[in-house]
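This is work01.cif. It holds mmCIF, C-alpha atoms.
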```cif
data_protein
loop_
_atom_site.label_atom_id
_atom_site.label_comp_id
_atom_site.auth_asym_id
_atom_site.auth_seq_id
_atom_site.Cartn_x
_atom_site.Cartn_y
_atom_site.Cartn_z
CA MET D 1 60.53 101.82 65.66
CA ASN D 2 58.80 101.90 69.00
CA GLY D 3 60.45 102.39 72.37
CA SER D 4 61.31 98.80 73.25
CA GLU D 5 62.80 98.12 69.81
CA VAL D 6 65.06 101.15 70.24
CA GLN D 7 66.08 99.75 73.62
CA PHE D 8 66.83 96.29 72.18
CA TRP D 9 68.97 97.58 69.34
CA SER D 10 70.78 99.96 71.69
CA PHE D 11 71.81 96.95 73.78
CA VAL D 12 73.01 95.17 70.62
CA THR D 13 75.01 98.27 69.62
CA ALA D 14 76.57 98.44 73.08
CA ALA D 15 77.55 94.75 72.84
CA LEU D 16 79.13 95.35 69.43
CA LEU D 17 81.08 98.35 70.76
CA MET D 18 82.49 96.24 73.58
CA ILE D 19 83.42 93.39 71.21
CA ILE D 20 85.18 95.80 68.83
CA GLY D 21 87.02 97.28 71.82
CA ILE D 22 88.20 93.85 73.04
CA TYR D 23 89.26 92.97 69.48
CA ALA D 24 91.26 96.20 69.21
CA ILE D 25 92.97 95.67 72.57
CA ILE D 26 94.03 92.10 71.79
CA PHE D 27 94.84 92.13 68.06
CA MET D 28 95.92 95.67 67.12
CA ASP D 29 99.64 96.37 67.01
CA ASN D 30 99.58 100.14 67.48
CA ILE D 31 99.23 101.41 71.05
CA ILE D 32 97.02 104.33 70.02
CA LYS D 33 94.59 101.84 68.47
CA LYS D 34 94.61 99.84 71.69
CA ILE D 35 93.71 103.02 73.62
CA ILE D 36 90.85 103.66 71.19
CA GLY D 37 89.69 100.12 71.98
CA VAL D 38 89.71 100.83 75.72
CA MET D 39 87.65 103.97 75.13
CA LEU D 40 85.19 102.01 72.95
CA ILE D 41 84.60 99.56 75.80
CA GLY D 42 83.90 102.50 78.10
CA ASP D 43 81.45 103.94 75.59
CA GLY D 44 79.71 100.57 75.33
CA VAL D 45 79.28 100.44 79.10
CA ASN D 46 77.93 104.00 79.09
CA LEU D 47 75.43 103.06 76.37
CA VAL D 48 74.27 100.06 78.42
CA LEU D 49 73.65 102.33 81.41
CA ILE D 50 71.78 104.97 79.37
CA THR D 51 69.63 102.30 77.75
CA GLU D 52 68.78 100.89 81.16
CA GLY D 53 67.58 104.32 82.25
CA PHE D 54 65.45 104.76 79.14
CA LYS D 55 61.77 104.05 79.72
CA PRO D 56 59.50 103.54 76.68
CA GLY D 57 56.93 106.33 76.74
CA GLY D 58 58.55 108.04 79.71
CA ILE D 59 59.46 111.69 80.21
CA VAL D 60 62.75 113.44 80.95
CA PRO D 61 63.48 113.39 84.73
CA ILE D 62 63.34 117.18 85.08
CA ILE D 63 60.21 118.85 86.44
CA SER D 64 59.27 121.78 84.21
CA GLU D 65 57.38 124.79 85.53
CA LYS D 66 54.41 123.93 83.31
CA LEU D 67 54.23 120.41 84.72
CA TYR D 68 54.55 121.69 88.27
CA ASN D 69 51.70 124.19 87.86
CA GLN D 70 49.27 121.54 86.59
CA SER D 71 48.36 120.05 89.95
CA PRO D 72 49.74 119.90 93.48
CA GLY D 73 50.01 116.10 93.52
CA ILE D 74 52.25 116.02 90.48
CA PHE D 75 55.19 114.38 92.29
CA GLN D 76 53.62 110.92 92.39
CA GLU D 77 52.65 111.17 88.71
CA PHE D 78 56.13 112.43 87.81
CA ALA D 79 57.79 109.52 89.62
CA ASP D 80 55.56 107.07 87.72
CA GLN D 81 56.30 108.58 84.31
CA ALA D 82 59.90 109.75 84.49
CA SER D 83 62.82 107.75 83.16
CA TYR D 84 65.03 105.99 85.69
CA SER D 85 67.38 108.75 86.70
CA LEU D 86 70.12 106.90 88.60
CA PRO D 87 71.91 105.46 85.50
CA PHE D 88 72.22 108.95 83.96
CA ALA D 89 74.05 110.20 87.06
CA LEU D 90 76.34 107.14 86.95
CA VAL D 91 77.12 107.80 83.27
CA LEU D 92 78.00 111.42 84.05
CA THR D 93 80.51 110.19 86.63
CA ASN D 94 81.86 107.56 84.25
CA ILE D 95 82.50 110.09 81.47
CA VAL D 96 84.81 112.16 83.67
CA ILE D 97 86.61 109.02 84.89
CA GLY D 98 87.02 107.96 81.25
CA ALA D 99 88.57 111.34 80.42
CA SER D 100 90.99 111.02 83.37
CA THR D 101 91.99 107.49 82.30
CA LEU D 102 92.49 108.65 78.73
CA ALA D 103 94.80 111.44 79.88
CA VAL D 104 96.98 109.05 81.88
CA LEU D 105 97.06 106.50 79.03
CA LEU D 106 98.10 109.14 76.51
CA GLY D 107 100.77 110.47 78.87
CA ILE D 108 102.28 107.00 79.28
CA THR D 109 102.10 106.53 75.49
CA ILE D 110 104.04 109.74 74.87
CA LYS D 111 106.71 108.58 77.34
CA LEU D 112 106.91 105.18 75.61
CA TYR D 113 107.34 106.87 72.24
CA GLN D 114 110.10 109.09 73.59
CA HIS D 115 111.90 106.04 74.96
CA TYR D 116 111.50 103.50 72.12
CA ASN D 117 110.86 105.81 69.13
CA SER D 118 108.00 103.55 68.07
CA LEU D 119 104.36 102.87 68.98
CA SER D 120 104.31 99.30 67.71
CA VAL D 121 104.10 96.60 70.38
CA HIS D 122 106.21 94.29 68.22
CA GLU D 123 108.96 96.89 68.03
CA ILE D 124 108.85 97.61 71.75
CA PHE D 125 108.97 93.96 72.86
CA LYS D 126 111.31 92.80 70.08
CA GLU D 127 114.20 91.94 72.37
CA GLU D 128 112.15 90.67 75.30
CA LYS D 129 112.32 87.02 76.32
CA ILE D 130 108.97 85.40 77.01
CA MET Y 1 111.44 81.84 73.00
CA LYS Y 2 111.46 85.26 71.39
CA PHE Y 3 108.39 87.48 71.43
CA GLN Y 4 107.96 87.17 67.66
CA GLN Y 5 107.72 83.37 67.68
CA SER Y 6 105.12 83.23 70.40
CA GLN Y 7 102.64 85.28 68.39
CA GLU Y 8 100.91 82.68 66.22
CA MET Y 9 99.83 80.39 69.04
CA ARG Y 10 98.78 83.41 71.11
CA ASN Y 11 96.64 84.80 68.28
CA LEU Y 12 94.81 81.49 67.88
CA ILE Y 13 94.02 81.21 71.60
CA ALA Y 14 92.97 84.87 71.78
CA ALA Y 15 90.64 84.46 68.79
CA ILE Y 16 88.86 81.55 70.48
CA PHE Y 17 88.40 83.51 73.69
CA VAL Y 18 87.20 86.63 71.88
CA GLY Y 19 84.59 84.44 70.17
CA ILE Y 20 83.39 83.04 73.51
CA PHE Y 21 83.32 86.52 75.03
CA SER Y 22 81.32 87.91 72.09
CA TYR Y 23 78.72 85.15 72.36
CA PHE Y 24 78.21 85.69 76.07
CA ILE Y 25 78.10 89.48 75.97
CA ILE Y 26 75.53 89.52 73.15
CA LYS Y 27 73.46 86.88 74.94
CA ALA Y 28 73.64 88.79 78.23
CA LEU Y 29 72.72 92.14 76.76
CA THR Y 30 69.86 90.93 74.54
CA ASP Y 31 68.23 89.15 77.50
CA PHE Y 32 68.62 92.20 79.73
CA ASP Y 33 65.94 92.55 82.38
CA ILE Y 34 65.46 96.11 83.65
CA VAL Y 35 64.54 96.69 87.28
CA PRO Y 36 63.93 100.30 88.38
CA GLY Y 37 65.58 99.76 91.76
CA VAL Y 38 66.03 102.87 93.85
CA SER Y 39 65.36 105.26 90.94
CA TYR Y 40 61.63 105.44 91.75
CA ILE Y 41 62.32 106.65 95.29
CA TYR Y 42 64.82 109.21 94.02
CA ASN Y 43 62.27 110.46 91.48
CA LEU Y 44 59.58 110.65 94.17
CA ARG Y 45 61.59 112.55 96.79
CA GLY Y 46 63.97 114.47 94.53
CA PRO Y 47 61.59 117.20 93.30
CA LEU Y 48 61.31 118.45 96.89
CA ILE Y 49 64.91 119.68 96.54
CA ALA Y 50 65.42 120.86 92.96
CA PRO Y 51 63.75 120.22 89.58
CA ASN Y 52 66.72 118.55 87.84
CA MET Y 53 66.73 115.00 89.19
CA ILE Y 54 70.17 114.09 87.84
CA THR Y 55 71.93 116.93 89.64
CA VAL Y 56 70.04 116.08 92.83
CA ILE Y 57 71.20 112.46 92.64
CA LEU Y 58 74.74 113.47 91.76
CA PHE Y 59 75.23 116.04 94.52
CA ASP Y 60 72.76 115.14 97.23
CA TRP Y 61 71.79 111.45 97.35
CA ARG Y 62 75.14 110.25 96.01
CA GLY Y 63 77.48 113.03 97.04
CA TYR Y 64 80.11 110.53 98.17
CA ASP Y 65 80.36 109.04 94.66
CA THR Y 66 80.93 112.49 93.20
CA LEU Y 67 83.58 113.22 95.82
CA GLY Y 68 85.43 110.03 94.94
CA GLU Y 69 85.16 110.79 91.25
CA ALA Y 70 86.54 114.30 91.86
CA PHE Y 71 89.59 112.78 93.51
CA ILE Y 72 90.07 110.38 90.60
CA LEU Y 73 90.35 113.45 88.36
CA ILE Y 74 92.89 115.00 90.74
CA THR Y 75 94.88 111.75 90.71
CA ALA Y 76 94.91 111.74 86.92
CA VAL Y 77 96.17 115.32 86.85
CA LEU Y 78 98.90 114.46 89.38
CA THR Y 79 99.95 111.39 87.39
CA THR Y 80 100.26 113.28 84.11
CA GLY Y 81 102.11 116.04 85.93
CA ILE Y 82 104.61 113.57 87.40
CA LEU Y 83 105.06 111.88 84.00
CA PHE Y 84 105.91 115.14 82.29
CA GLY Y 85 107.95 117.04 84.58
CA ARG Y 86 106.68 118.82 87.66
CA GLY Y 87 108.47 116.27 89.81
CA VAL Y 88 111.91 114.72 89.65
CA LEU Y 89 111.68 113.83 85.96
CA GLY Y 90 112.03 117.30 84.46
CA GLY Y 91 111.54 121.02 84.70
CA ASP Y 92 108.45 123.23 84.66
CA VAL Y 93 106.56 122.68 81.42
CA SER Y 94 104.91 126.10 81.45
CA GLU Y 95 108.28 127.81 81.17
CA LYS Y 96 108.84 126.39 77.68
CA ASP Y 97 107.78 128.56 74.78
CA SER Y 98 104.95 126.54 73.29
CA THR Y 99 103.84 128.53 70.29
CA PRO Y 100 101.31 127.03 67.84
CA ILE Y 101 102.84 124.51 65.44
CA ARG Y 102 101.35 126.27 62.45
CA PRO Y 103 100.71 130.04 62.71
CA SER Y 104 97.02 130.95 62.88
CA THR Y 105 95.35 132.74 59.99
CA ILE Y 106 93.82 136.21 60.37
CA VAL Y 107 90.28 134.77 60.38
CA GLN Y 108 91.10 132.48 63.30
CA LYS Y 109 92.78 135.28 65.23
CA VAL Y 110 89.88 137.72 64.79
CA PHE Y 111 87.03 135.36 65.50
CA ALA Y 112 88.48 133.15 68.23
CA ALA Y 113 88.45 135.76 71.01
CA PRO Y 114 84.71 136.67 70.81
CA LEU Y 115 83.88 132.98 70.48
CA VAL Y 116 85.90 132.24 73.61
CA PHE Y 117 83.93 134.85 75.59
CA ILE Y 118 80.61 133.46 74.35
CA ILE Y 119 81.60 129.90 75.27
CA VAL Y 120 82.71 130.99 78.75
CA ALA Y 121 79.39 132.79 79.30
CA PHE Y 122 77.52 129.68 78.17
CA GLY Y 123 79.54 127.53 80.58
CA VAL Y 124 78.83 129.88 83.48
CA VAL Y 125 75.09 129.77 82.73
CA ILE Y 126 75.15 125.96 82.62
CA THR Y 127 77.00 125.83 85.95
CA LEU Y 128 74.89 128.33 87.88
CA GLY Y 129 71.55 126.95 86.66
CA GLY Y 130 72.61 123.33 86.91
CA HIS Y 131 69.96 122.32 89.44
CA ILE Y 132 67.06 123.81 87.43
CA THR Y 133 67.89 123.22 83.77
CA PRO Y 134 69.83 120.39 82.14
CA GLY Y 135 73.44 120.93 83.13
CA GLY Y 136 75.62 121.10 86.19
CA GLY Y 137 79.18 121.48 87.35
CA PHE Y 138 80.77 118.83 85.15
CA GLN Y 139 79.17 120.08 81.98
CA GLY Y 140 79.82 123.75 82.71
CA GLY Y 141 83.44 123.11 83.62
CA SER Y 142 83.99 121.04 80.48
CA VAL Y 143 82.47 123.77 78.31
CA ILE Y 144 84.75 126.44 79.80
CA ALA Y 145 87.71 124.09 79.35
CA THR Y 146 86.75 123.87 75.66
CA ALA Y 147 87.10 127.65 75.45
CA PHE Y 148 90.56 127.34 77.00
CA PHE Y 149 91.57 124.70 74.44
CA LEU Y 150 90.35 126.90 71.59
CA SER Y 151 92.28 129.89 72.88
CA VAL Y 152 95.46 127.82 73.34
CA VAL Y 153 95.23 126.27 69.88
CA VAL Y 154 94.73 129.61 68.15
CA TYR Y 155 96.93 131.99 70.16
CA GLY Y 156 99.47 129.68 71.81
CA PHE Y 157 100.33 129.55 75.50
CA LYS Y 158 102.05 132.85 76.06
CA LYS Y 159 99.36 135.07 74.59
CA ASN Y 160 96.10 133.20 75.20
CA VAL Y 161 92.95 134.92 76.42
CA PHE Y 162 92.82 133.30 79.86
CA ASN Y 163 96.38 134.11 80.94
CA LEU Y 164 96.36 131.24 83.45
CA SER Y 165 99.76 129.95 84.47
CA HIS Y 166 100.43 126.41 85.64
CA ASN Y 167 100.54 127.51 89.27
CA SER Y 168 97.24 129.41 89.17
CA LEU Y 169 95.56 126.39 87.53
CA GLU Y 170 96.75 124.20 90.39
CA THR Y 171 95.51 126.73 92.93
CA LEU Y 172 92.13 126.82 91.20
CA GLU Y 173 91.89 123.04 91.32
CA GLY Y 174 92.71 123.02 95.03
CA VAL Y 175 90.09 125.69 95.68
CA GLY Y 176 87.44 123.65 93.84
CA ALA Y 177 88.18 120.49 95.82
CA LEU Y 178 88.29 122.45 99.09
CA ILE Y 179 84.85 124.00 98.42
CA TYR Y 180 83.43 120.49 98.09
CA LEU Y 181 85.18 119.15 101.20
CA CYS Y 182 84.28 122.15 103.41
CA LEU Y 183 80.61 122.11 102.38
CA GLY Y 184 80.57 118.45 103.39
CA LEU Y 185 82.06 119.39 106.76
CA VAL Y 186 79.16 121.82 107.43
CA GLY Y 187 76.75 118.90 107.17
CA LEU Y 188 78.96 116.80 109.45
CA GLY Y 189 79.03 119.51 112.10
CA LEU Y 190 75.33 120.38 112.11
CA SER Y 191 73.63 117.01 111.58
CA GLY Y 192 76.28 114.34 112.11
CA TYR Y 193 76.22 113.16 108.49
CA TYR Y 194 78.97 114.12 106.09
CA LEU Y 195 77.69 115.94 102.98
CA TYR Y 196 74.18 116.26 104.45
CA ASN Y 197 72.24 118.87 102.51
CA VAL Y 198 71.71 121.37 105.34
CA GLY Y 199 70.03 123.89 103.03
CA ALA Y 200 67.24 121.61 101.83
CA ASP Y 201 66.89 119.77 105.18
CA LEU Y 202 64.58 116.93 104.11
CA TYR Y 203 64.81 115.24 107.53
CA PRO Y 204 63.85 117.88 110.11
CA TYR Y 205 64.21 115.52 113.11
CA LEU Y 206 68.03 115.82 112.76
CA GLY Y 207 67.65 119.30 114.26
CA VAL Y 208 69.74 121.37 111.87
CA GLY Y 209 67.74 124.51 112.50
CA ASP Y 210 66.59 127.43 110.41
CA THR Y 211 69.83 129.40 110.57
CA ALA Y 212 71.77 126.97 108.42
CA THR Y 213 68.88 126.65 105.98
CA ARG Y 214 68.82 130.41 105.54
CA LEU Y 215 72.62 130.53 105.25
CA PHE Y 216 72.58 128.38 102.12
CA SER Y 217 69.56 129.93 100.41
CA TYR Y 218 70.16 130.50 96.72
CA PRO Y 219 68.42 133.34 94.86
CA ASP Y 220 65.73 131.29 93.12
CA SER Y 221 62.48 129.59 94.04
CA THR Y 222 63.87 126.08 94.53
CA ASN Y 223 64.91 124.41 97.77
CA ALA Y 224 68.31 123.34 96.53
CA GLY Y 225 70.48 124.10 99.58
CA ILE Y 226 74.17 123.42 99.06
CA ILE Y 227 73.77 121.89 95.58
CA PRO Y 228 74.51 125.12 93.60
CA TYR Y 229 77.65 125.74 95.65
CA LEU Y 230 78.83 122.16 95.14
CA ASN Y 231 78.20 122.76 91.42
CA ILE Y 232 80.49 125.78 91.48
CA GLY Y 233 83.24 123.85 93.25
CA ILE Y 234 83.02 120.91 90.85
CA ALA Y 235 83.00 123.27 87.85
CA LEU Y 236 86.22 124.96 89.07
CA LYS Y 237 87.83 121.59 89.66
CA VAL Y 238 86.86 120.05 86.31
CA LEU Y 239 87.86 123.23 84.44
CA SER Y 240 91.29 123.45 86.04
CA GLY Y 241 91.84 119.69 85.87
CA PHE Y 242 91.21 119.50 82.13
CA CYS Y 243 93.23 122.69 81.54
CA THR Y 244 96.19 121.30 83.51
CA ILE Y 245 96.08 118.04 81.57
CA ILE Y 246 96.05 119.86 78.23
CA THR Y 247 98.85 122.16 79.43
CA VAL Y 248 101.01 119.21 80.39
CA LEU Y 249 100.31 117.16 77.25
CA TRP Y 250 100.89 120.24 75.07
CA GLY Y 251 104.27 120.85 76.69
CA ALA Y 252 105.47 117.31 75.97
CA GLU Y 253 107.90 117.26 73.10
CA LYS Y 254 109.87 114.69 71.12
CA LYS Y 255 113.40 114.24 72.36
#
```
Could you rewrite the structure in this file as structure tokens?
Amino acid sequence: MNGSEVQFWSFVTAALLMIIGIYAIIFMDNIIKKIIGVMLIGDGVNLVLITEGFKPGGIVPIISEKLYNQSPGIFQEFADQASYSLPFALVLTNIVIGASTLAVLLGITIKLYQHYNSLSVHEIFKEEKI
Amino acid sequence: MKFQQSQEMRNLIAAIFVGIFSYFIIKALTDFDIVPGVSYIYNLRGPLIAPNMITVILFDWRGYDTLGEAFILITAVLTTGILFGRGVLGGDVSEKDSTPIRPSTIVQKVFAAPLVFIIVAFGVVITLGGHITPGGGFQGGSVIATAFFLSVVVYGFKKNVFNLSHNSLETLEGVGALIYLCLGLVGLGLSGYYLYNVGADLYPYLGVGDTATRLFSYPDSTNAGIIPYLNIGIALKVLSGFCTIITVLWGAEKK
């Protein structure tokens, strides 16, 4: 596979991850499975961002000492060749936010379990009027 | 109508909408058109500061985003803490005796401690060289937090290698956030822009002066300015944030 094919199939994979996440959130009964669905959507979004930053035939956006010693005007050449670096920084931020969200979701889940003695949505909302 | 009876109709409607959503998201992502945007400018100007472009974007060009993200982590830690008992809902979780559920074997006990030291050293290297090599504060802090998890799982809370109590973890987190905020204030005072990188000083017409540039020099050949110090602050904050969350979730027990 060449670079653009990898990019295309990465986008398809990201779309599938998001669809599986939405399916899990809507149709699964267990709250833990719903949380896994939320995390899958986050991973899909991260994959979209990484794939956007990928440049077919590009280089890693870190200047090595070898590259720097080649010529003084290497900066222009580096900027032409390097992958787009902004999405990588956004993904790094998003990973930590995902971890924070996961912690809060799990904490609320533990409290729900202590209160209802069950993780099933049907059990929790059994007596509720719609 | 009871909850149970409303399910069949709801499932049908939800299935239709999931189908529509799937069609549009696949269509949108397969027709994706990539525009470099501001990345080219970042890649062109970034090497003047430090070799690792991602750290430069994270801590210099987009320092505000990182600050906001740091406070999201603090909010998550506060929320889990309130849920499990630092506040009105219960007592101090660290006072409970949280021994491992299953006692560790002799192999785990012998080999965990050296492994913990190696992982901590690796995390420190990642943090301190974050602007030169792949890495940075987030990654280094997460790696050190992994060592903490390993030590807690094998030895339990009372006898783990780190010997960090709940209070000292909170202090550490506050120190990390304060390092970030105060380094931003230096830029505000000297140039008028919050979180301006006074050490690198890419825009000399702001009149920061040589004194500040020399104040933030880091012992290597790059021109990174305050980026390594921001890395250290973020590493402390991420480390203590993750450790507090695991402490709190570990202390939760079934009533």
List the neighbours of Ser120 of chain D out to 8 Å using all atoms listed in the file; skip same-chain residues closer than 4 positions along the sequence, and give me the result as a list in words. Asp29, Asn30, Ile31 and Ile124 of chain D
Leaving out Thr133 of chain Y and any residue of its chain fewer than 3 positions from it, which residues lie within 10 Å of it when counting only C-alpha atoms, given as number ranges by chain? D: 62-64; Y: 50-53, 55, 125-130, 136
In Å, rounded to a single decimal, give me how far atom CA of Ile13 of chain Y is from atom CA of Leu29 of chain Y. 24.5 Å
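With distances restricted to all atoms listed in the file, D:Pro61 is the closest residue to Asn43 of chain Y from D:Gly73, D:Gly98, D:Pro61, D:Pro87.
Between atom CA of Lys66 of chain D and atom CA of Gly140 of chain Y the separation is 25.4 Å.
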Please report, as a tab-separated table, each residue of chain D lying at most 6 Å from chain Y, together with the nearest pair of atoms and the separation in Å rounded to one decimal; use only C-alpha atoms, and order rows by chain and ascending residue number.
```
residue	atom	partner	partner_atom	distance
D:Phe11	CA	Y:Leu29	CA	5.7
D:Ala15	CA	Y:Ile26	CA	5.6
D:Ile19	CA	Y:Ser22	CA	5.9
D:Pro61	CA	Y:Met53	CA	5.7
D:Ile62	CA	Y:Asn52	CA	4.6
D:Ile63	CA	Y:Pro51	CA	4.9
D:Ala79	CA	Y:Asn43	CA	4.9
D:Tyr84	CA	Y:Ser39	CA	5.3
D:Ser85	CA	Y:Ser39	CA	5.9
D:Leu86	CA	Y:Ser39	CA	5.6
D:Ala89	CA	Y:Ile54	CA	5.5
D:Ser100	CA	Y:Ala76	CA	5.3
D:Val104	CA	Y:Thr80	CA	5.8
D:Gly107	CA	Y:Thr80	CA	6.0
D:Lys129	CA	Y:Lys2	CA	5.3
D:Ile130	CA	Y:Met1	CA	5.9
```
Calculated over only C-alpha atoms, which of the candidates D:Ser71, D:Ile32, D:Ser10, D:Gly44 has the smallest distance to Leu112 of chain D? D:Ile32
Given the PyMOL selection byres ((chain D and resi 81) around 9), the residues it picks as a PDB file with C-alpha atoms, in the frame of the given file:
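As written to disk, part_37.pdb reads:
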```pdb
ATOM      1  CA  LYS D  55      61.770 104.050  79.720  1.00  0.00           C
ATOM      2  CA  GLY D  57      56.930 106.330  76.740  1.00  0.00           C
ATOM      3  CA  GLY D  58      58.550 108.040  79.710  1.00  0.00           C
ATOM      4  CA  ILE D  59      59.460 111.690  80.210  1.00  0.00           C
ATOM      5  CA  VAL D  60      62.750 113.440  80.950  1.00  0.00           C
ATOM      6  CA  PRO D  61      63.480 113.390  84.730  1.00  0.00           C
ATOM      7  CA  GLN D  76      53.620 110.920  92.390  1.00  0.00           C
ATOM      8  CA  GLU D  77      52.650 111.170  88.710  1.00  0.00           C
ATOM      9  CA  PHE D  78      56.130 112.430  87.810  1.00  0.00           C
ATOM     10  CA  ALA D  79      57.790 109.520  89.620  1.00  0.00           C
ATOM     11  CA  ASP D  80      55.560 107.070  87.720  1.00  0.00           C
ATOM     12  CA  ALA D  82      59.900 109.750  84.490  1.00  0.00           C
ATOM     13  CA  SER D  83      62.820 107.750  83.160  1.00  0.00           C
TER      14      SER D  83
END
```
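The result of the PyMOL selection byres ((chain Y and resi 204-215) around 10) on the shown file is Val186, Gly187, Gly189, Leu190, Ser191, Gly192, Tyr193, Asn197, Val198, Gly199, Ala200, Asp201, Leu202, Tyr203, Phe216, Ser217, Tyr218, Asn223, Gly225 and Ile226 of chain Y.
Between Leu164 of chain Y and the candidates Y:Tyr229, Y:Leu115, Y:Ile20, Y:Val152, the tightest atom-to-atom separation, counting all atoms listed in the file, involves Y:Val152.
Coordinates place atom CA of Val6 of chain D at a distance of 26.7 Å from atom CA of Ala24 of chain D.
Using only C-alpha atoms, the nearest neighbour of Gly156 of chain Y within the list Y:Leu195, Y:Trp250, Y:Gly63, Y:Ile179 is Y:Trp250.
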